[in-house]
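Participant: data_8.cif is the file, holding mmCIF, C-alpha atoms:
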data_run
#
loop_
_atom_site.label_atom_id
_atom_site.label_comp_id
_atom_site.auth_asym_id
_atom_site.auth_seq_id
_atom_site.Cartn_x
_atom_site.Cartn_y
_atom_site.Cartn_z
CA MET Q 239 0.00 0.00 0.00
CA LYS Q 240 2.80 2.45 0.82
CA LYS Q 241 4.32 1.98 -2.64
CA ILE Q 242 0.96 2.83 -4.19
CA THR Q 243 0.59 5.91 -1.99
CA LEU Q 244 4.02 7.17 -2.97
CA LEU Q 245 3.33 6.56 -6.64
CA VAL Q 246 0.07 8.52 -6.47
CA LEU Q 247 1.85 11.39 -4.70
CA LEU Q 248 4.53 11.56 -7.38
CA LEU Q 249 2.01 11.40 -10.17
CA ILE Q 250 0.07 14.31 -8.71
CA PHE Q 251 3.02 16.57 -7.97
CA SER Q 252 5.55 15.67 -10.67
CA ILE Q 253 4.68 13.41 -13.54
CA GLY Q 254 0.99 14.27 -13.39
CA ILE Q 255 1.52 17.75 -14.79
CA LEU Q 256 3.13 16.22 -17.87
CA GLN Q 257 -0.01 14.19 -18.52
CA ALA Q 258 -2.47 17.08 -18.25
CA THR Q 259 -2.56 17.43 -22.02
CA ASP Q 260 -4.95 17.15 -24.93
CA LYS Q 261 -5.00 14.24 -27.36
CA ARG Q 262 -2.97 16.11 -29.97
CA VAL Q 263 0.00 16.37 -27.63
CA GLN Q 264 -0.29 12.75 -26.54
CA ALA Q 265 -0.31 11.59 -30.16
CA LEU Q 266 2.83 13.66 -30.81
CA GLY Q 267 4.89 11.93 -28.12
CA GLY Q 268 3.16 12.94 -24.89
CA ASN Q 269 5.18 16.03 -23.89
CA PRO Q 270 3.12 19.27 -23.70
CA TYR Q 271 6.18 21.45 -23.01
CA MET Q 272 7.55 20.70 -26.48
CA VAL Q 273 4.45 21.68 -28.50
CA LEU Q 274 4.54 25.48 -28.52
CA GLY Q 275 1.26 27.32 -28.97
CA ASP Q 276 -0.95 24.32 -28.21
CA ASP Q 277 -3.94 24.66 -25.87
CA ALA Q 278 -2.17 22.23 -23.52
CA SER Q 279 0.20 25.09 -22.56
CA ILE Q 280 -2.60 26.59 -20.45
CA GLN Q 281 -2.21 23.61 -18.12
CA LEU Q 282 1.50 24.43 -17.75
CA PHE Q 283 1.66 28.24 -17.73
CA PRO Q 284 -1.50 30.10 -16.60
CA GLN Q 285 -0.60 33.27 -18.55
CA ARG Q 286 -1.30 31.36 -21.76
CA ILE Q 287 -5.02 32.15 -21.25
CA ASN Q 288 -4.17 35.50 -22.89
CA ASP Q 289 -3.55 33.74 -26.22
CA SER Q 290 -7.18 32.94 -27.16
CA ASP Q 291 -10.75 32.49 -25.98
CA LEU Q 292 -11.94 28.89 -26.00
CA ILE Q 293 -14.03 26.21 -24.40
CA TYR Q 294 -12.26 22.91 -24.03
CA PHE Q 295 -13.54 19.44 -23.08
CA GLN Q 296 -10.97 16.73 -22.36
CA ASP Q 297 -11.86 13.03 -22.50
CA ILE Q 298 -15.35 13.50 -23.92
CA HIS Q 299 -15.58 9.70 -24.26
CA THR Q 300 -16.08 9.44 -20.48
CA ALA Q 301 -19.18 10.27 -18.48
CA ASN Q 302 -17.37 13.13 -16.66
CA PRO Q 303 -14.98 15.00 -18.98
CA ASP Q 304 -12.74 17.79 -17.74
CA TYR Q 305 -13.50 21.27 -19.04
CA LEU Q 306 -11.84 24.66 -19.39
CA LEU Q 307 -13.63 27.88 -20.35
CA VAL Q 308 -11.57 30.98 -21.20
CA VAL Q 309 -13.36 34.29 -21.85
CA GLY Q 310 -12.46 37.98 -21.96
CA ASP Q 311 -9.76 40.00 -23.65
CA SER Q 312 -6.08 40.66 -23.02
CA THR Q 313 -5.30 41.70 -19.40
CA ARG Q 314 -8.91 40.89 -18.36
CA THR Q 315 -9.23 37.20 -19.25
CA TRP Q 316 -10.89 34.68 -16.95
CA GLY Q 317 -10.61 30.92 -17.07
CA PHE Q 318 -12.84 28.40 -15.27
CA TYR Q 319 -11.99 24.72 -15.08
CA GLY Q 320 -13.17 21.51 -13.43
CA GLY Q 321 -14.67 18.13 -14.25
CA ALA Q 322 -13.76 14.56 -13.39
CA THR Q 323 -10.18 15.34 -12.37
CA GLU Q 324 -11.21 18.26 -10.17
CA LYS Q 325 -14.58 16.89 -9.08
CA ASP Q 326 -13.95 17.69 -5.40
CA ASP Q 327 -12.91 21.26 -6.12
CA TYR Q 328 -15.01 24.04 -4.67
CA PHE Q 329 -13.35 26.78 -6.68
CA ASN Q 330 -11.00 26.78 -9.70
CA VAL Q 331 -10.16 29.90 -11.68
CA ILE Q 332 -7.40 31.43 -13.78
CA ARG Q 333 -7.21 35.24 -13.90
CA SER Q 334 -5.08 37.55 -16.06
CA LEU Q 335 -3.04 40.09 -14.12
CA SER Q 336 -1.66 41.72 -17.28
CA SER Q 337 -1.05 40.82 -20.91
CA THR Q 338 2.01 38.81 -19.80
CA SER Q 339 0.99 37.33 -16.42
CA ALA Q 340 -1.81 35.39 -14.74
CA VAL Q 341 -2.62 33.51 -11.55
CA ARG Q 342 -4.41 30.18 -11.06
CA ILE Q 343 -6.19 29.40 -7.78
CA GLY Q 344 -7.89 26.21 -6.65
CA LEU Q 345 -9.71 25.57 -3.37
CA ARG Q 346 -11.28 22.38 -2.03
CA PHE Q 347 -13.10 22.31 1.29
CA GLY Q 348 -15.57 19.93 2.89
CA ILE Q 349 -16.85 18.78 6.29
CA THR Q 350 -18.72 15.51 6.81
CA SER Q 351 -20.22 14.31 10.11
CA ARG Q 352 -22.28 11.21 10.84
CA THR Q 353 -23.96 9.67 13.87
CA ILE Q 354 -25.14 6.03 14.03
CA ILE Q 355 -27.27 4.74 16.92
CA GLU Q 356 -28.23 1.06 17.17
CA ASP Q 357 -30.67 -0.02 19.89
CA ASP Q 358 -30.93 -3.80 19.60
CA LYS Q 359 -33.92 -4.64 21.84
CA GLU Q 360 -35.22 -7.48 19.70
CA THR Q 361 -32.54 -9.89 20.96
CA SER Q 362 -30.18 -9.48 23.90
CA PRO Q 363 -30.23 -5.84 25.05
CA SER Q 364 -27.34 -3.82 23.60
CA THR Q 365 -26.84 -0.22 22.52
CA SER Q 366 -24.15 1.39 20.43
CA GLU Q 367 -23.53 4.96 19.33
CA ILE Q 368 -20.92 5.92 16.73
CA LYS Q 369 -19.88 9.41 15.69
CA LEU Q 370 -17.71 10.10 12.65
CA SER Q 371 -16.36 13.41 11.38
CA GLN Q 372 -14.10 14.34 8.49
CA THR Q 373 -12.57 17.58 7.23
CA ASN Q 374 -10.83 18.14 3.89
CA ILE Q 375 -8.91 21.29 2.97
CA MET Q 376 -6.84 21.69 -0.20
CA PHE Q 377 -5.43 24.91 -1.60
CA ASP Q 378 -3.20 25.40 -4.63
CA MET Q 379 -2.00 28.56 -6.35
CA GLU Q 380 0.17 29.13 -9.41
CA TYR Q 381 1.65 32.35 -10.78
CA GLY Q 382 2.98 32.60 -14.31
CA MET Q 383 4.53 35.36 -16.39
CA ASP Q 384 6.35 35.97 -19.67
CA LYS Q 385 9.67 37.78 -19.74
CA GLY Q 386 10.97 38.21 -23.25
CA SER Q 387 11.64 34.80 -24.75
CA LYS Q 388 11.05 33.00 -21.44
CA GLU Q 389 7.90 31.70 -19.74
CA PHE Q 390 7.93 31.21 -15.96
CA SER Q 391 5.54 29.48 -13.58
CA THR Q 392 5.67 28.80 -9.83
CA SER Q 393 3.02 26.78 -8.00
CA PHE Q 394 2.29 25.96 -4.35
CA MET Q 395 -0.08 23.36 -2.92
CA PHE Q 396 -1.23 22.79 0.67
CA GLY Q 397 -3.59 20.07 1.84
CA LEU Q 398 -4.94 18.93 5.22
CA THR Q 399 -6.98 15.75 4.91
CA PRO Q 400 -7.90 12.71 7.00
CA ASP Q 401 -5.63 9.70 6.97
CA ASN Q 402 -6.67 6.06 7.39
CA ILE Q 403 -7.55 4.53 10.75
CA ASN Q 404 -7.03 0.78 11.04
CA GLN Q 405 -10.31 -1.01 10.30
CA LEU Q 406 -10.35 -2.97 13.57
CA TRP Q 407 -14.11 -2.64 13.92
CA GLY Q 408 -15.03 -2.68 10.25
CA PHE Q 409 -16.10 0.94 10.04
CA PRO Q 410 -15.58 2.74 6.71
CA GLY Q 411 -12.63 5.09 6.34
CA PRO Q 412 -10.90 7.38 6.12
CA HIS Q 413 -12.02 9.44 9.12
CA GLY Q 414 -10.96 12.67 10.66
CA THR Q 415 -12.14 11.55 14.11
CA PHE Q 416 -14.09 8.54 15.34
CA THR Q 417 -15.80 7.78 18.68
CA GLY Q 418 -18.00 4.87 19.64
CA ASP Q 419 -19.76 3.85 22.88
CA TYR Q 420 -21.14 0.33 23.36
CA VAL Q 421 -23.40 -1.03 26.12
CA SER Q 422 -24.06 -4.78 26.39
CA PRO Q 423 -24.88 -7.32 29.13
CA GLY Q 424 -21.16 -8.01 29.47
CA GLY Q 425 -20.28 -4.40 30.25
CA ASN Q 426 -19.47 -1.09 28.60
CA SER Q 427 -16.71 -0.15 26.15
CA SER Q 428 -15.60 3.06 24.52
CA ASP Q 429 -13.55 3.35 21.35
CA GLU Q 430 -12.04 6.38 19.70
CA GLY Q 431 -9.66 7.19 16.87
CA LYS Q 432 -8.25 10.14 15.01
CA ALA Q 433 -6.15 10.59 11.90
CA SER Q 434 -4.82 13.41 9.75
CA SER Q 435 -2.56 13.94 6.77
CA LEU Q 436 -0.62 17.02 5.66
CA ALA Q 437 0.64 17.54 2.10
CA ILE Q 438 2.81 20.36 0.71
CA ALA Q 439 4.23 20.74 -2.80
CA LEU Q 440 6.28 23.37 -4.65
CA GLN Q 441 7.07 23.47 -8.35
CA THR Q 442 8.89 25.88 -10.68
CA LYS Q 443 8.82 25.69 -14.49
CA VAL Q 444 10.51 27.69 -17.22
CA ARG Q 445 10.33 27.39 -21.00
CA ASP Q 446 12.88 29.27 -23.10
CA ARG Q 447 12.94 30.11 -26.82
CA ASN Q 448 16.70 29.63 -26.63
CA GLY Q 449 18.43 26.27 -26.56
CA LEU Q 450 21.84 24.72 -27.10
CA PHE Q 451 23.65 23.24 -30.08
CA PHE Q 452 21.13 22.78 -32.91
CA PHE Q 453 18.08 22.99 -30.59
CA ASP Q 454 16.07 26.22 -30.64
CA ASN Q 455 14.13 25.73 -27.38
CA SER Q 456 14.49 24.31 -23.88
CA TYR Q 457 12.54 23.86 -20.67
CA ALA Q 458 13.30 22.99 -17.06
CA VAL Q 459 11.14 21.81 -14.15
CA PHE Q 460 12.04 21.54 -10.46
CA GLY Q 461 9.75 20.38 -7.67
CA LEU Q 462 9.55 19.30 -4.03
CA ASN Q 463 6.72 17.47 -2.29
CA TYR Q 464 6.03 16.23 1.23
CA GLN Q 465 3.23 14.25 2.81
CA GLY Q 466 3.00 13.26 6.46
CA GLY Q 467 0.25 11.50 8.37
CA ALA Q 468 -0.56 10.05 11.79
CA SER Q 469 -3.39 7.99 13.26
CA GLU Q 470 -4.39 6.56 16.63
CA PHE Q 471 -6.99 4.00 17.70
CA THR Q 472 -7.93 3.24 21.30
CA SER Q 473 -10.45 0.68 22.58
CA ALA Q 474 -11.59 0.43 26.20
CA THR Q 475 -8.75 2.75 27.32
CA THR Q 476 -6.19 0.42 25.66
CA LYS Q 477 -4.27 1.85 22.74
CA LEU Q 478 -4.41 -0.71 19.95
CA GLU Q 479 -2.71 1.26 17.18
CA ASP Q 480 -0.47 4.25 16.68
CA GLN Q 481 0.73 4.86 13.13
CA SER Q 482 2.76 7.61 11.46
CA SER Q 483 4.17 8.03 7.96
CA SER Q 484 6.12 10.57 5.93
CA GLN Q 485 7.01 10.85 2.26
CA PHE Q 486 9.43 13.27 0.62
CA GLY Q 487 10.15 13.64 -3.08
CA MET Q 488 12.37 15.84 -5.23
CA TYR Q 489 12.64 15.94 -9.01
CA SER Q 490 14.36 17.96 -11.72
CA ILE Q 491 13.78 17.82 -15.49
CA TYR Q 492 15.65 19.48 -18.36
CA LYS Q 493 15.09 19.07 -22.09
CA LEU Q 494 16.17 20.62 -25.40
CA PHE Q 495 13.72 20.53 -28.29
CA ASN Q 496 12.77 21.84 -31.73
CA ASN Q 497 9.52 22.64 -33.57
CA GLN Q 498 9.77 22.62 -37.38
CA THR Q 499 7.34 22.94 -40.28
CA LEU Q 500 8.09 21.23 -43.61
CA ALA Q 501 6.50 20.80 -47.06
CA ASN Q 502 4.89 24.27 -47.20
CA ASP Q 503 3.57 23.99 -43.63
CA LYS Q 504 1.83 20.68 -44.36
CA ILE Q 505 4.17 18.71 -42.06
CA PHE Q 506 4.84 19.56 -38.41
CA LEU Q 507 7.85 17.94 -36.70
CA VAL Q 508 8.74 18.09 -33.00
CA TYR Q 509 11.69 16.34 -31.36
CA GLY Q 510 13.76 16.68 -28.21
CA ILE Q 511 16.24 15.08 -25.83
CA GLY Q 512 16.88 15.59 -22.13
CA GLY Q 513 17.17 14.03 -18.70
CA GLU Q 514 15.55 13.74 -15.27
CA LEU Q 515 16.79 13.45 -11.70
CA PHE Q 516 14.64 12.17 -8.83
CA PHE Q 517 14.93 11.37 -5.11
CA ASN Q 518 12.21 9.77 -2.95
CA ARG Q 519 12.14 8.77 0.70
CA GLN Q 520 9.33 7.13 2.65
CA ALA Q 521 9.13 6.13 6.31
CA ASP Q 522 6.31 4.24 8.06
CA GLU Q 523 6.02 3.39 11.76
CA VAL Q 524 3.26 1.23 13.25
CA LYS Q 525 2.66 0.39 16.93
CA LEU Q 526 0.01 -2.28 17.39
CA SER Q 527 -0.77 -4.16 20.64
CA GLY Q 528 2.77 -3.99 22.00
CA ALA Q 529 4.50 -4.65 18.69
CA GLU Q 530 6.37 -2.03 16.70
CA SER Q 531 7.47 -2.04 13.08
CA THR Q 532 9.39 0.59 11.09
CA ASP Q 533 9.92 0.60 7.32
CA THR Q 534 12.20 3.06 5.52
CA ASP Q 535 12.54 3.18 1.73
CA MET Q 536 14.79 5.42 -0.35
CA GLU Q 537 15.12 5.84 -4.11
CA PHE Q 538 17.49 7.90 -6.24
CA GLY Q 539 17.93 7.86 -9.99
CA ILE Q 540 18.90 9.60 -13.20
CA VAL Q 541 16.67 9.04 -16.23
CA ALA Q 542 18.66 9.95 -19.34
CA PRO Q 543 18.35 10.27 -22.15
CA THR Q 544 14.64 10.89 -22.53
CA ILE Q 545 13.67 11.15 -26.18
CA ASN Q 546 10.46 12.44 -27.79
CA ILE Q 547 9.62 12.56 -31.51
CA GLY Q 548 6.29 13.63 -33.03
CA LEU Q 549 5.08 14.01 -36.62
CA GLU Q 550 1.86 15.66 -37.83
CA ALA Q 551 0.65 15.63 -41.45
CA ASP Q 552 -2.10 18.00 -42.60
CA LEU Q 553 -4.24 16.25 -45.23
CA LYS Q 554 -7.32 17.43 -47.10
CA TYR Q 555 -9.98 16.28 -44.65
CA THR Q 556 -8.01 15.38 -41.55
CA THR Q 557 -4.70 15.65 -39.72
CA LEU Q 558 -2.72 12.48 -38.97
CA ARG Q 559 -0.32 12.27 -36.01
CA PHE Q 560 2.28 9.85 -34.74
CA GLY Q 561 4.63 10.12 -31.77
CA MET Q 562 7.26 8.20 -29.82
CA GLU Q 563 8.77 8.49 -26.35
CA ARG Q 564 11.70 6.59 -24.82
CA ARG Q 565 13.00 6.92 -21.25
CA ILE Q 566 16.25 5.21 -20.23
CA THR Q 567 17.24 4.93 -16.56
CA SER Q 568 21.01 5.29 -16.71
CA LEU Q 569 21.63 5.26 -12.94
CA GLY Q 570 19.48 3.96 -10.13
CA TYR Q 571 19.86 3.26 -6.41
CA SER Q 572 17.28 2.02 -3.91
CA SER Q 573 17.42 0.80 -0.32
CA GLN Q 574 14.90 -0.69 2.06
CA LYS Q 575 15.05 -1.26 5.82
CA GLU Q 576 12.40 -3.13 7.86
CA VAL Q 577 12.54 -3.36 11.65
CA TYR Q 578 10.08 -5.38 13.77
CA ILE Q 579 10.11 -5.39 17.59
CA SER Q 580 7.72 -7.41 19.78
CA GLY Q 581 8.75 -8.09 23.36
CA ALA Q 582 12.12 -9.88 23.25
CA THR Q 583 11.79 -10.42 19.49
CA ASP Q 584 13.86 -8.09 17.32
CA ASP Q 585 14.02 -8.54 13.54
CA GLU Q 586 15.84 -6.21 11.15
CA ASP Q 587 16.02 -6.73 7.36
CA THR Q 588 17.89 -4.49 4.93
CA SER Q 589 18.37 -4.56 1.18
CA SER Q 590 19.82 -2.26 -1.46
CA ARG Q 591 20.22 -2.20 -5.22
CA PHE Q 592 22.47 -0.20 -7.54
CA THR Q 593 22.30 -0.11 -11.34
CA LEU Q 594 24.49 1.71 -13.85
CA GLY Q 595 23.39 1.75 -17.46
CA GLY Q 596 20.08 0.36 -18.57
CA ASN Q 597 17.43 0.19 -21.22
CA GLY Q 598 14.08 1.76 -21.89
CA ALA Q 599 10.96 0.70 -23.70
CA TYR Q 600 9.59 2.65 -26.64
CA VAL Q 601 6.08 4.07 -26.22
CA TYR Q 602 4.22 4.83 -29.45
CA ASN Q 603 0.99 6.77 -29.98
CA ALA Q 604 -1.11 7.61 -33.02
CA GLY Q 605 -4.05 9.92 -33.52
CA MET Q 606 -5.89 12.26 -35.83
CA GLY Q 607 -7.60 15.63 -35.83
CA PHE Q 608 -10.66 17.10 -37.54
CA ASN Q 609 -11.17 20.85 -37.92
CA TYR Q 610 -14.52 22.43 -38.80
CA GLY Q 611 -13.84 26.15 -38.77
CA GLN Q 612 -13.17 27.02 -35.13
CA LEU Q 613 -14.24 23.58 -33.87
CA GLN Q 614 -11.48 21.01 -33.38
CA LEU Q 615 -11.83 17.31 -32.53
CA ASP Q 616 -8.63 15.50 -31.51
CA ILE Q 617 -8.60 11.69 -31.29
CA LEU Q 618 -6.03 9.35 -29.76
CA VAL Q 619 -6.10 5.76 -31.00
CA ASN Q 620 -5.33 2.90 -28.63
CA ASN Q 621 -2.40 0.85 -29.91
CA ASN Q 622 -4.47 -2.36 -29.59
CA PHE Q 623 -6.62 -1.00 -32.43
CA TRP Q 624 -3.93 -1.94 -34.96
CA ILE Q 625 -3.81 -5.55 -33.71
CA THR Q 626 -7.38 -6.49 -32.84
CA GLY Q 627 -9.45 -3.96 -34.74
CA PRO Q 628 -12.19 -1.58 -33.52
CA GLN Q 629 -14.23 -3.95 -31.37
CA MET Q 630 -15.45 -0.99 -29.33
CA ILE Q 631 -15.27 2.75 -29.84
CA PHE Q 632 -15.09 4.31 -26.39
CA ASN Q 633 -14.03 3.12 -22.93
CA ASP Q 634 -13.07 4.92 -19.71
CA LEU Q 635 -9.41 3.98 -20.25
CA TYR Q 636 -9.33 5.82 -23.59
CA GLY Q 637 -10.83 2.98 -25.52
CA THR Q 638 -9.72 -0.50 -24.51
CA LEU Q 639 -9.88 -1.35 -28.19
CA GLY Q 640 -10.87 2.03 -29.57
CA VAL Q 641 -10.22 5.76 -29.20
CA CYS Q 642 -10.53 8.70 -26.84
CA ALA Q 643 -11.15 12.31 -27.82
CA ASP Q 644 -11.00 16.00 -26.84
CA LEU Q 645 -13.15 18.80 -28.22
CA VAL Q 646 -12.08 22.46 -28.49
CA TYR Q 647 -14.02 25.47 -29.79
CA THR Q 648 -12.07 28.71 -30.28
CA TYR Q 649 -13.90 32.03 -30.74
#
Translate this file's structure into structure tokens.
Facilitator:
Amino acid sequence: MKKITLLVLLLIFSIGILQATDKRVQALGGNPYMVLGDDASIQLFPQRINDSDLIYFQDIHTANPDYLLVVGDSTRTWGFYGGATEKDDYFNVIRSLSSTSAVRIGLRFGITSRTIIEDDKETSPSTSEIKLSQTNIMFDMEYGMDKGSKEFSTSFMFGLTPDNINQLWGFPGPHGTFTGDYVSPGGNSSDEGKASSLAIALQTKVRDRNGLFFFDNSYAVFGLNYQGGASEFTSATTKLEDQSSSQFGMYSIYKLFNNQTLANDKIFLVYGIGGELFFNRQADEVKLSGAESTDTDMEFGIVAPTINIGLEADLKYTTLRFGMERRITSLGYSSQKEVYISGATDDEDTSSRFTLGGNGAYVYNAGMGFNYGQLQLDILVNNNFWITGPQMIFNDLYGTLGVCADLVYTY
């Protein structure tokens, strides 16, 4: 479970921003930073809302697509966004501060309380009362600006949410706080629990119209994220569980890339090469009925080179796209330490792994686009389509054997 939690955290605060793209970018290799002028840049740099007015629906093949509405004129543009990805958001808006800057603000807030009373008089007399409460707070803000040939963006996220309490009594989780009183012929008991989780993330991005060697452009990303949580559970004045966890991640990305048009602007070519550096550490401590266990995991690695290539051909009735991405982990190190203590029993296990040089799988994507005046439909084709055929058109996971699509109208 802790590996899954860490993966989700990293996807949200690091890799996740790379995947917040439209289907055109995904079909061209999956890197929105490298496709200049695309609508996907609004997800990366909030000041890009000054470029055009549009309404954008992402993943229209699902029941709950994401949306983005941008209206206004230069220096007074507003953007509203939400949908499946931001379904718990109370407030999401992007606002121009000038013709070269903008700010994005998101707020999520919710309080849930529940009381359950069971008076079992039909059989042996017993009474139970359970009270549950939960509070969720999430705030994120991003500021972006243009300065000559450079685009900058800095974002901050803060979250205070419940963590999981051990399901000793089978009650649903997670909870902010939990109390329960039970009366039965055998006596009385009182249970209580509380849990909380704190998350903080920082990220800085820059895209430059200057590169190195024969590359005309470059971009860099740097980010930090932290998540810590603690929970307690006590039954009949006896503490049955005390758990705490912390996760810390750091990442840095740099890439050089080019955009080129060929054949009288009928062919669009994008390609780039770069590298990534990451560090992750996770620690978990659990105290349960006199036993104590501590797990500590650490990961460090260099992913280089990372290669992206995308090709787009403008035909008479449609636009065809094809892209490739390859990521090679050239250096990697990981360590794991597990300690278990119970009475006179003491067990400690450690392991580590170091790799130098490696390989990376190729990831291919294909898609197409249809333009009807200001209306644009972008489609991404699942790779299984070429092997098994179109046995279905749409599926929540962008077409198990079909396609997924985005729809954009510019006015």
Participant: Quick one: pull the distance between atom CA of Q:Tyr509 and atom CA of Q:Leu594, Å, one decimal.
Facilitator: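 Between atom CA of Q:Tyr509 and atom CA of Q:Leu594 the gap is 26.2 Å.
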Participant: Using all atoms listed in the file, can you list as a list of chain:residue names the residues within 10 Å of (0.3, -4.8, 18.4)?
Facilitator: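 The residues that fall inside the cut-off are Q:Lys477, Q:Leu478, Q:Glu479, Q:Asp480, Q:Val524, Q:Lys525, Q:Leu526, Q:Ser527, Q:Gly528, Q:Ala529, Q:Glu530, Q:Ser531, Q:Ile579, Q:Ser580.
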Participant: Here is a test: counting all atoms listed in the file, which residue of Q:Gly561, Q:Pro270, Q:Thr556, Q:Gly310 is nearest to Q:Tyr610?
Facilitator: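 Using all atoms listed in the file, the shortest distance to Q:Tyr610 belongs to Q:Thr556.
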Participant: Pick out the closest residue to Q:Leu436 from this set: Q:Val459, Q:Gln614, Q:Ser391, Q:Asn374. Count only C-alpha atoms.
Facilitator: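 Among Q:Val459, Q:Gln614, Q:Ser391, Q:Asn374, it is Q:Asn374 that comes nearest to Q:Leu436.
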Participant: List, as a list in words, every residue that the PyMOL selection byres ((chain Q and resi 598) around 12) selects in the file provided.
Facilitator: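 Output from the PyMOL selection byres ((chain Q and resi 598) around 12), applied to this file: Val541, Ala542, Pro543, Thr544, Ile545, Glu563, Arg564, Arg565, Ile566, Thr567, Ser568, Gly595, Gly596, Asn597, Ala599, Tyr600 and Val601 of chain Q.
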Participant: What is the distance, in Å and to one decimal place, between atom CA of Q:Ser428 and atom CA of Q:Thr350?
Facilitator: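 Result for atom CA of Q:Ser428 versus atom CA of Q:Thr350: 21.9 Å, one decimal.
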